[in-house]
file start.cif (mmCIF, C-alpha atoms)
data_coords
loop_
_atom_site.label_atom_id
_atom_site.label_comp_id
_atom_site.auth_asym_id
_atom_site.auth_seq_id
_atom_site.Cartn_x
_atom_site.Cartn_y
_atom_site.Cartn_z
CA MET A 1 90.51 58.06 82.66
CA ASP A 2 92.15 54.68 81.99
CA GLU A 3 92.45 53.91 85.70
CA GLU A 4 90.27 51.13 87.03
CA SER A 5 87.97 51.42 90.00
CA TYR A 6 88.48 49.45 93.20
CA VAL A 7 86.07 46.52 93.08
CA VAL A 8 85.73 43.82 95.74
CA LYS A 9 83.51 40.76 95.73
CA PHE A 10 81.37 39.73 98.68
CA LEU A 11 79.41 36.48 98.38
CA GLY A 12 80.13 36.60 94.66
CA ILE A 13 78.62 40.09 94.28
CA PRO A 14 80.99 42.83 93.05
CA PHE A 15 81.01 46.09 95.03
CA ASN A 16 82.55 49.22 93.54
CA ILE A 17 84.54 50.66 96.45
CA THR A 18 85.43 53.75 94.42
CA ASN A 19 81.75 54.70 94.11
CA VAL A 20 81.11 53.95 97.78
CA VAL A 21 84.05 56.01 99.06
CA SER A 22 83.45 58.88 96.62
CA GLY A 23 79.74 58.98 97.41
CA LEU A 24 80.34 58.93 101.16
CA LEU A 25 82.91 61.70 100.83
CA ALA A 26 80.43 63.82 98.85
CA MET A 27 77.80 63.28 101.56
CA VAL A 28 80.27 64.25 104.30
CA LEU A 29 81.23 67.40 102.38
CA VAL A 30 77.57 68.37 101.95
CA PHE A 31 76.89 67.76 105.64
CA CYS A 32 79.91 69.84 106.67
CA LEU A 33 78.92 72.65 104.30
CA VAL A 34 75.35 72.85 105.60
CA TRP A 35 76.52 72.50 109.21
CA PHE A 36 78.98 75.36 108.74
CA LEU A 37 76.44 77.62 107.01
CA SER A 38 73.76 76.95 109.63
CA ARG A 39 75.80 77.83 112.74
CA ASN A 40 74.65 80.85 114.79
CA LEU A 41 71.45 81.59 112.87
CA THR A 42 69.85 84.98 113.50
CA LEU A 43 66.50 86.59 112.63
CA ARG A 44 68.35 89.09 110.46
CA PRO A 45 70.53 86.90 108.20
CA LYS A 46 74.03 87.97 107.29
CA GLY A 47 77.18 86.45 105.85
CA LYS A 48 77.10 82.68 105.54
CA GLN A 49 73.45 82.50 106.62
CA ASN A 50 72.58 84.49 103.50
CA VAL A 51 74.27 81.79 101.39
CA LEU A 52 72.26 79.02 103.04
CA GLU A 53 68.98 80.91 102.72
CA TRP A 54 69.73 81.70 99.07
CA LEU A 55 70.32 78.00 98.37
CA ILE A 56 67.07 77.07 100.11
CA ASP A 57 65.12 79.77 98.24
CA PHE A 58 66.73 78.70 94.97
CA THR A 59 65.74 75.03 95.29
CA ASN A 60 62.32 75.94 96.70
CA GLY A 61 61.83 78.07 93.58
CA ILE A 62 62.55 75.07 91.36
CA VAL A 63 59.92 73.05 93.22
CA SER A 64 57.23 75.74 93.29
CA THR A 65 57.66 76.40 89.56
CA ASN A 66 56.86 72.79 88.71
CA ILE A 67 54.63 71.77 91.65
CA PRO A 68 52.79 74.89 92.84
CA GLY A 69 50.84 75.19 96.07
CA GLU A 70 51.01 73.16 99.26
CA GLN A 71 51.54 69.97 97.28
CA GLY A 72 55.04 70.99 96.29
CA LYS A 73 56.28 71.94 99.76
CA ARG A 74 56.80 68.30 100.73
CA PHE A 75 59.50 68.05 98.04
CA ASN A 76 61.50 71.13 99.09
CA LEU A 77 63.95 69.14 101.21
CA LEU A 78 64.41 66.51 98.48
CA ALA A 79 65.28 69.21 95.94
CA PHE A 80 67.67 70.93 98.36
CA VAL A 81 69.56 67.74 99.21
CA LEU A 82 69.66 66.52 95.59
CA PHE A 83 71.01 69.84 94.34
CA LEU A 84 73.75 70.11 96.96
CA PHE A 85 74.83 66.47 96.64
CA ILE A 86 74.98 66.55 92.84
CA PHE A 87 76.72 69.94 92.80
CA VAL A 88 79.42 68.76 95.23
CA ALA A 89 79.74 65.37 93.50
CA ASN A 90 80.17 67.05 90.11
CA GLN A 91 83.02 69.24 91.37
CA MET A 92 84.90 66.56 93.31
CA GLY A 93 86.82 65.25 90.31
CA LEU A 94 88.20 68.74 89.69
CA LEU A 95 89.49 69.14 93.25
CA ILE A 96 90.06 65.65 94.65
CA GLN A 97 91.26 62.65 92.71
CA VAL A 98 93.07 59.83 94.49
CA ILE A 99 94.75 57.12 92.40
CA ILE A 100 96.59 54.28 94.14
CA GLY A 101 98.41 51.59 92.21
CA GLY A 102 96.74 52.51 88.94
CA LYS A 103 93.27 52.27 90.50
CA THR A 104 91.06 55.23 91.28
CA LEU A 105 89.87 55.46 94.87
CA ILE A 106 88.22 58.91 94.81
CA LYS A 107 86.71 60.76 91.84
CA SER A 108 83.48 62.53 90.93
CA PRO A 109 80.75 60.01 91.88
CA THR A 110 78.54 61.34 89.08
CA SER A 111 81.15 60.37 86.46
CA ASP A 112 80.00 56.76 86.94
CA PRO A 113 76.69 55.69 85.32
CA MET A 114 75.79 53.44 88.26
CA VAL A 115 75.66 56.45 90.58
CA THR A 116 73.59 58.60 88.24
CA MET A 117 71.20 55.72 87.58
CA ALA A 118 70.80 55.24 91.33
CA LEU A 119 69.94 58.94 91.71
CA ALA A 120 67.45 58.73 88.83
CA LEU A 121 65.91 55.60 90.34
CA ILE A 122 65.41 57.39 93.68
CA VAL A 123 63.54 60.19 91.90
CA LEU A 124 61.31 57.79 89.99
CA LEU A 125 60.53 55.71 93.08
CA VAL A 126 59.61 58.85 95.01
CA SER A 127 57.34 60.00 92.18
CA HIS A 128 55.55 56.63 92.00
CA TYR A 129 55.20 56.40 95.78
CA PHE A 130 53.58 59.81 96.15
CA GLY A 131 51.42 59.20 93.10
CA VAL A 132 49.97 56.08 94.71
CA MET A 133 49.70 57.79 98.11
CA ILE A 134 47.73 60.73 96.69
CA PHE A 135 45.45 59.01 94.16
CA GLY A 136 45.41 55.37 95.30
CA VAL A 137 46.59 52.54 93.05
CA LYS A 138 43.73 52.76 90.54
CA GLY A 139 43.72 56.56 90.41
CA TYR A 140 47.49 56.60 90.03
CA LEU A 141 47.43 54.18 87.10
CA VAL A 142 44.66 56.14 85.36
CA ASN A 143 46.28 59.53 85.98
CA SER A 144 49.79 58.44 84.98
CA TYR A 145 49.16 56.14 82.04
CA MET A 146 45.60 56.59 80.71
CA ARG A 147 45.57 60.36 80.28
CA PRO A 148 44.99 62.47 78.28
CA VAL A 149 43.58 59.51 76.28
CA SER A 150 43.71 55.79 76.96
CA PHE A 151 45.50 54.83 73.75
CA MET A 152 48.54 56.75 75.06
CA LEU A 153 49.17 53.84 77.47
CA PRO A 154 52.07 52.24 75.49
CA ILE A 155 53.75 55.62 74.97
CA ASN A 156 53.35 56.58 78.64
CA ILE A 157 54.87 53.24 79.73
CA LEU A 158 57.79 53.74 77.31
CA GLU A 159 58.22 57.26 78.68
CA GLU A 160 58.97 55.83 82.13
CA PHE A 161 62.08 54.13 80.75
CA THR A 162 63.18 57.08 78.61
CA ASN A 163 62.78 59.47 81.56
CA PHE A 164 64.97 57.23 83.70
CA LEU A 165 67.67 56.87 81.05
CA THR A 166 67.79 60.54 80.04
CA LEU A 167 67.86 61.73 83.66
CA ALA A 168 70.75 59.38 84.47
CA PHE A 169 72.88 59.57 81.34
CA ARG A 170 72.61 63.32 80.74
CA LEU A 171 74.31 63.90 84.09
CA TYR A 172 76.82 61.08 83.63
CA GLY A 173 77.78 62.06 80.08
CA ASN A 174 78.52 65.68 80.89
CA ILE A 175 80.61 64.99 84.00
CA PHE A 176 82.48 62.04 82.50
CA ALA A 177 83.32 63.99 79.33
CA GLY A 178 84.68 66.87 81.40
CA GLU A 179 86.97 64.58 83.39
CA VAL A 180 88.18 62.83 80.22
CA LEU A 181 89.15 66.13 78.61
CA LEU A 182 90.95 67.32 81.75
CA THR A 183 92.87 64.03 81.87
CA LEU A 184 93.85 64.36 78.19
CA ILE A 185 95.05 67.94 78.65
CA GLY A 186 97.05 66.87 81.72
CA SER A 187 98.65 63.90 79.93
CA VAL A 188 99.65 66.07 76.97
CA ALA A 189 101.24 68.61 79.32
CA LYS A 190 103.28 65.93 81.05
CA SER A 191 104.47 64.00 78.00
CA HIS A 192 105.67 66.65 75.52
CA GLY A 193 108.02 68.89 77.44
CA LEU A 194 108.02 72.49 78.60
CA VAL A 195 106.36 74.06 75.54
CA THR A 196 103.23 71.91 75.71
CA THR A 197 103.10 72.37 79.48
CA VAL A 198 103.03 76.15 79.05
CA VAL A 199 100.28 75.83 76.41
CA ALA A 200 98.26 73.19 78.28
CA LEU A 201 98.28 74.94 81.66
CA PRO A 202 95.99 77.87 80.69
CA LEU A 203 93.80 75.47 78.70
CA GLU A 204 93.37 73.29 81.75
CA MET A 205 92.53 76.28 83.93
CA ILE A 206 89.96 77.49 81.40
CA TRP A 207 88.40 74.05 81.11
CA GLN A 208 88.28 73.63 84.89
CA GLY A 209 86.36 76.89 85.15
CA PHE A 210 84.02 75.74 82.40
CA SER A 211 83.60 72.36 84.14
CA ILE A 212 82.54 74.12 87.35
CA PHE A 213 79.90 75.97 85.33
CA ILE A 214 78.75 72.74 83.61
CA GLY A 215 78.62 70.90 86.95
CA SER A 216 76.43 73.63 88.41
CA ILE A 217 74.10 73.67 85.40
CA GLN A 218 73.78 69.88 85.45
CA ALA A 219 72.82 69.91 89.14
CA TYR A 220 70.14 72.48 88.32
CA VAL A 221 68.90 70.52 85.28
CA PHE A 222 68.74 67.23 87.22
CA VAL A 223 66.69 68.75 90.04
CA THR A 224 64.41 70.63 87.64
CA LEU A 225 63.68 67.50 85.58
CA SER A 226 63.17 65.51 88.77
CA MET A 227 60.47 67.94 89.90
CA VAL A 228 58.89 67.83 86.42
CA TYR A 229 58.68 64.02 86.57
CA ILE A 230 57.30 64.09 90.11
CA SER A 231 54.70 66.70 89.16
CA LYS A 232 53.36 64.37 86.46
CA LYS A 233 52.62 61.78 89.15
CA VAL A 234 51.20 63.96 91.90
CA GLU A 235 49.09 66.36 89.83
CA VAL A 236 46.00 65.55 87.75
CA GLU A 237 46.83 65.22 84.08
CA GLU A 238 44.47 67.26 81.91
#
call {"tool": "encode", "arguments": {"input": "start.cif", "output": "structure tokens"}}
result
Amino acid sequence: MDEESYVVKFLGIPFNITNVVSGLLAMVLVFCLVWFLSRNLTLRPKGKQNVLEWLIDFTNGIVSTNIPGEQGKRFNLLAFVLFLFIFVANQMGLLIQVIIGGKTLIKSPTSDPMVTMALALIVLLVSHYFGVMIFGVKGYLVNSYMRPVSFMLPINILEEFTNFLTLAFRLYGNIFAGEVLLTLIGSVAKSHGLVTTVVALPLEMIWQGFSIFIGSIQAYVFVTLSMVYISKKVEVEE
């Protein structure tokens, strides 16, 4: 993980091309996956349609658990898209990694803190927007920051920052650590001859399998926590 990212400056502002290309590739992969699974839909699902419907039911279940009733249905699509994007983005570094001239062009987008912070920011902005839309500005402020008692205001404000940071860096830390370990195992295999290659190969395969599991769990955790944070803004705090 010593490779640098491609960064270009436009009007003095640096743009991380690695994050842009990796993120766009993840979006294209998600689109192609959903497009493939949704071809030739029938009233009696079978085959790939079952996979798509299971994914939809799975993410809808996350939403309904945290935001029950009609209120939660407006967030079903958000949860579905977030889960698929994060799941695919988490796995990309295991399958696709493009390094040109010592600089990384394609990797897991979620192994960069800027990407995970952007995802966390989207969730928080959505939660604030719907909170204001449902309760109005005054009602939103009272419901979000003055309950259950008014002296909780400083703690509730601080919680906004901690929610943002934990949502972003939990995802980043797990995916980045997985890629670092895979890189270390690969470098050991290449630099110490045949014996270490034979030992490192099964270790790398085991860790790749474990990384797929971790990437799936982290997508689930991110979406679940996102719905928890949104529910705090759109439901009345007791």
call {"tool": "resolve_selection", "arguments": {"input": "start.cif", "expression": "the PyMOL selection byres ((chain A and resi 120) around 12)", "output": "PyMOL selection string"}}
result
chain A and resi 82+86+110+113-119+121-127+160-172+222-223+225-227+229-230
call {"tool": "write_last_selection", "arguments": {"input": "start.cif", "atoms": "C-alpha atoms", "output": "PDB file, keeping the file's coordinate frame"}}
result
ATOM      1  CA  LEU A  82      69.660  66.520  95.590  1.00  0.00           C
ATOM      2  CA  ILE A  86      74.980  66.550  92.840  1.00  0.00           C
ATOM      3  CA  THR A 110      78.540  61.340  89.080  1.00  0.00           C
ATOM      4  CA  PRO A 113      76.690  55.690  85.320  1.00  0.00           C
ATOM      5  CA  MET A 114      75.790  53.440  88.260  1.00  0.00           C
ATOM      6  CA  VAL A 115      75.660  56.450  90.580  1.00  0.00           C
ATOM      7  CA  THR A 116      73.590  58.600  88.240  1.00  0.00           C
ATOM      8  CA  MET A 117      71.200  55.720  87.580  1.00  0.00           C
ATOM      9  CA  ALA A 118      70.800  55.240  91.330  1.00  0.00           C
ATOM     10  CA  LEU A 119      69.940  58.940  91.710  1.00  0.00           C
ATOM     11  CA  LEU A 121      65.910  55.600  90.340  1.00  0.00           C
ATOM     12  CA  ILE A 122      65.410  57.390  93.680  1.00  0.00           C
ATOM     13  CA  VAL A 123      63.540  60.190  91.900  1.00  0.00           C
ATOM     14  CA  LEU A 124      61.310  57.790  89.990  1.00  0.00           C
ATOM     15  CA  LEU A 125      60.530  55.710  93.080  1.00  0.00           C
ATOM     16  CA  VAL A 126      59.610  58.850  95.010  1.00  0.00           C
ATOM     17  CA  SER A 127      57.340  60.000  92.180  1.00  0.00           C
ATOM     18  CA  GLU A 160      58.970  55.830  82.130  1.00  0.00           C
ATOM     19  CA  PHE A 161      62.080  54.130  80.750  1.00  0.00           C
ATOM     20  CA  THR A 162      63.180  57.080  78.610  1.00  0.00           C
ATOM     21  CA  ASN A 163      62.780  59.470  81.560  1.00  0.00           C
ATOM     22  CA  PHE A 164      64.970  57.230  83.700  1.00  0.00           C
ATOM     23  CA  LEU A 165      67.670  56.870  81.050  1.00  0.00           C
ATOM     24  CA  THR A 166      67.790  60.540  80.040  1.00  0.00           C
ATOM     25  CA  LEU A 167      67.860  61.730  83.660  1.00  0.00           C
ATOM     26  CA  ALA A 168      70.750  59.380  84.470  1.00  0.00           C
ATOM     27  CA  PHE A 169      72.880  59.570  81.340  1.00  0.00           C
ATOM     28  CA  ARG A 170      72.610  63.320  80.740  1.00  0.00           C
ATOM     29  CA  LEU A 171      74.310  63.900  84.090  1.00  0.00           C
ATOM     30  CA  TYR A 172      76.820  61.080  83.630  1.00  0.00           C
ATOM     31  CA  PHE A 222      68.740  67.230  87.220  1.00  0.00           C
ATOM     32  CA  VAL A 223      66.690  68.750  90.040  1.00  0.00           C
ATOM     33  CA  LEU A 225      63.680  67.500  85.580  1.00  0.00           C
ATOM     34  CA  SER A 226      63.170  65.510  88.770  1.00  0.00           C
ATOM     35  CA  MET A 227      60.470  67.940  89.900  1.00  0.00           C
ATOM     36  CA  TYR A 229      58.680  64.020  86.570  1.00  0.00           C
ATOM     37  CA  ILE A 230      57.300  64.090  90.110  1.00  0.00           C
TER      38      ILE A 230
END
call {"tool": "resolve_selection", "arguments": {"input": "start.cif", "expression": "the PyMOL selection byres ((chain A and resi 217) around 12)", "output": "list in words"}}
result
Phe83, Ile86, Phe87, Asn90, Gln91, Arg170, Leu171, Asn174, Ile175, Phe210, Ser211, Ile212, Phe213, Ile214, Gly215, Ser216, Gln218, Ala219, Tyr220, Val221, Phe222, Val223 and Thr224 of chain A
call {"tool": "resolve_selection", "arguments": {"input": "start.cif", "expression": "the PyMOL selection byres ((chain A and resi 20-36) around 6)", "output": "PyMOL selection string"}}
result
chain A and resi 17-19+37-39+89+106+109
call {"tool": "atom_distance", "arguments": {"input": "start.cif", "atom1": "CA of Phe80 (chain A)", "atom2": "CA of Gly61 (chain A)"}}
result
10.4 Å
call {"tool": "atom_distance", "arguments": {"input": "start.cif", "atom1": "CA of Leu153 (chain A)", "atom2": "CA of Arg74 (chain A)"}}
result
28.4 Å
call {"tool": "atom_distance", "arguments": {"input": "start.cif", "atom1": "CA of Lys103 (chain A)", "atom2": "CA of Leu11 (chain A)"}}
result
22.4 Å
call {"tool": "build_atoms", "arguments": {"input": "start.cif", "residues": "region 216-227 of chain A", "atoms": "all heavy atoms", "output": "short mmCIF file (atom, residue, chain, number, x, y, z; two decimals), in the frame of the given file"}}
result
data_model
loop_
_atom_site.label_atom_id
_atom_site.label_comp_id
_atom_site.auth_asym_id
_atom_site.auth_seq_id
_atom_site.Cartn_x
_atom_site.Cartn_y
_atom_site.Cartn_z
N SER A 216 77.52 72.89 87.76
CA SER A 216 76.43 73.63 88.41
C SER A 216 75.14 73.54 87.59
O SER A 216 74.06 73.30 88.13
CB SER A 216 76.83 75.11 88.59
OG SER A 216 78.05 75.20 89.28
N ILE A 217 75.27 73.73 86.28
CA ILE A 217 74.10 73.67 85.40
C ILE A 217 73.48 72.28 85.44
O ILE A 217 72.24 72.13 85.48
CB ILE A 217 74.50 74.03 83.96
CG1 ILE A 217 74.87 75.51 83.86
CG2 ILE A 217 73.37 73.71 82.98
CD1 ILE A 217 73.74 76.46 84.20
N GLN A 218 74.32 71.24 85.45
CA GLN A 218 73.78 69.88 85.45
C GLN A 218 73.07 69.55 86.75
O GLN A 218 72.08 68.81 86.75
CB GLN A 218 74.91 68.87 85.20
CG GLN A 218 75.43 68.87 83.77
CD GLN A 218 74.32 68.69 82.75
OE1 GLN A 218 73.49 67.79 82.87
NE2 GLN A 218 74.31 69.53 81.74
N ALA A 219 73.54 70.09 87.87
CA ALA A 219 72.82 69.91 89.14
C ALA A 219 71.45 70.56 89.05
O ALA A 219 70.43 69.99 89.49
CB ALA A 219 73.63 70.49 90.29
N TYR A 220 71.40 71.76 88.49
CA TYR A 220 70.14 72.48 88.32
C TYR A 220 69.19 71.72 87.38
O TYR A 220 68.00 71.55 87.67
CB TYR A 220 70.41 73.88 87.77
CG TYR A 220 69.17 74.61 87.30
CD1 TYR A 220 68.29 75.17 88.21
CD2 TYR A 220 68.90 74.73 85.94
CE1 TYR A 220 67.15 75.84 87.78
CE2 TYR A 220 67.77 75.39 85.50
CZ TYR A 220 66.90 75.94 86.43
OH TYR A 220 65.76 76.59 85.99
N VAL A 221 69.73 71.24 86.26
CA VAL A 221 68.90 70.52 85.28
C VAL A 221 68.35 69.23 85.88
O VAL A 221 67.17 68.90 85.70
CB VAL A 221 69.73 70.21 84.01
CG1 VAL A 221 68.98 69.23 83.09
CG2 VAL A 221 70.04 71.49 83.25
N PHE A 222 69.19 68.50 86.62
CA PHE A 222 68.74 67.23 87.22
C PHE A 222 67.59 67.48 88.19
O PHE A 222 66.58 66.77 88.16
CB PHE A 222 69.91 66.56 87.94
CG PHE A 222 69.60 65.16 88.39
CD1 PHE A 222 69.97 64.06 87.62
CD2 PHE A 222 68.94 64.90 89.59
CE1 PHE A 222 69.69 62.77 88.03
CE2 PHE A 222 68.65 63.63 90.01
CZ PHE A 222 69.03 62.55 89.22
N VAL A 223 67.74 68.47 89.06
CA VAL A 223 66.69 68.75 90.04
C VAL A 223 65.43 69.25 89.35
O VAL A 223 64.31 68.86 89.71
CB VAL A 223 67.19 69.78 91.08
CG1 VAL A 223 66.06 70.20 92.02
CG2 VAL A 223 68.34 69.18 91.90
N THR A 224 65.57 70.10 88.36
CA THR A 224 64.41 70.63 87.64
C THR A 224 63.64 69.49 86.96
O THR A 224 62.40 69.41 87.08
CB THR A 224 64.85 71.66 86.59
OG1 THR A 224 65.50 72.75 87.24
CG2 THR A 224 63.64 72.18 85.81
N LEU A 225 64.35 68.62 86.25
CA LEU A 225 63.68 67.50 85.58
C LEU A 225 63.06 66.55 86.59
O LEU A 225 61.99 65.98 86.35
CB LEU A 225 64.67 66.76 84.68
CG LEU A 225 65.13 67.52 83.43
CD1 LEU A 225 66.14 66.69 82.65
CD2 LEU A 225 63.94 67.87 82.54
N SER A 226 63.72 66.38 87.72
CA SER A 226 63.17 65.51 88.77
C SER A 226 61.82 66.04 89.24
O SER A 226 60.86 65.28 89.39
CB SER A 226 64.14 65.42 89.96
OG SER A 226 65.36 64.83 89.58
N MET A 227 61.73 67.34 89.46
CA MET A 227 60.47 67.94 89.90
C MET A 227 59.40 67.87 88.80
O MET A 227 58.22 67.70 89.09
CB MET A 227 60.69 69.38 90.33
CG MET A 227 61.57 69.55 91.56
SD MET A 227 60.95 68.63 93.00
CE MET A 227 62.24 67.36 93.15
#
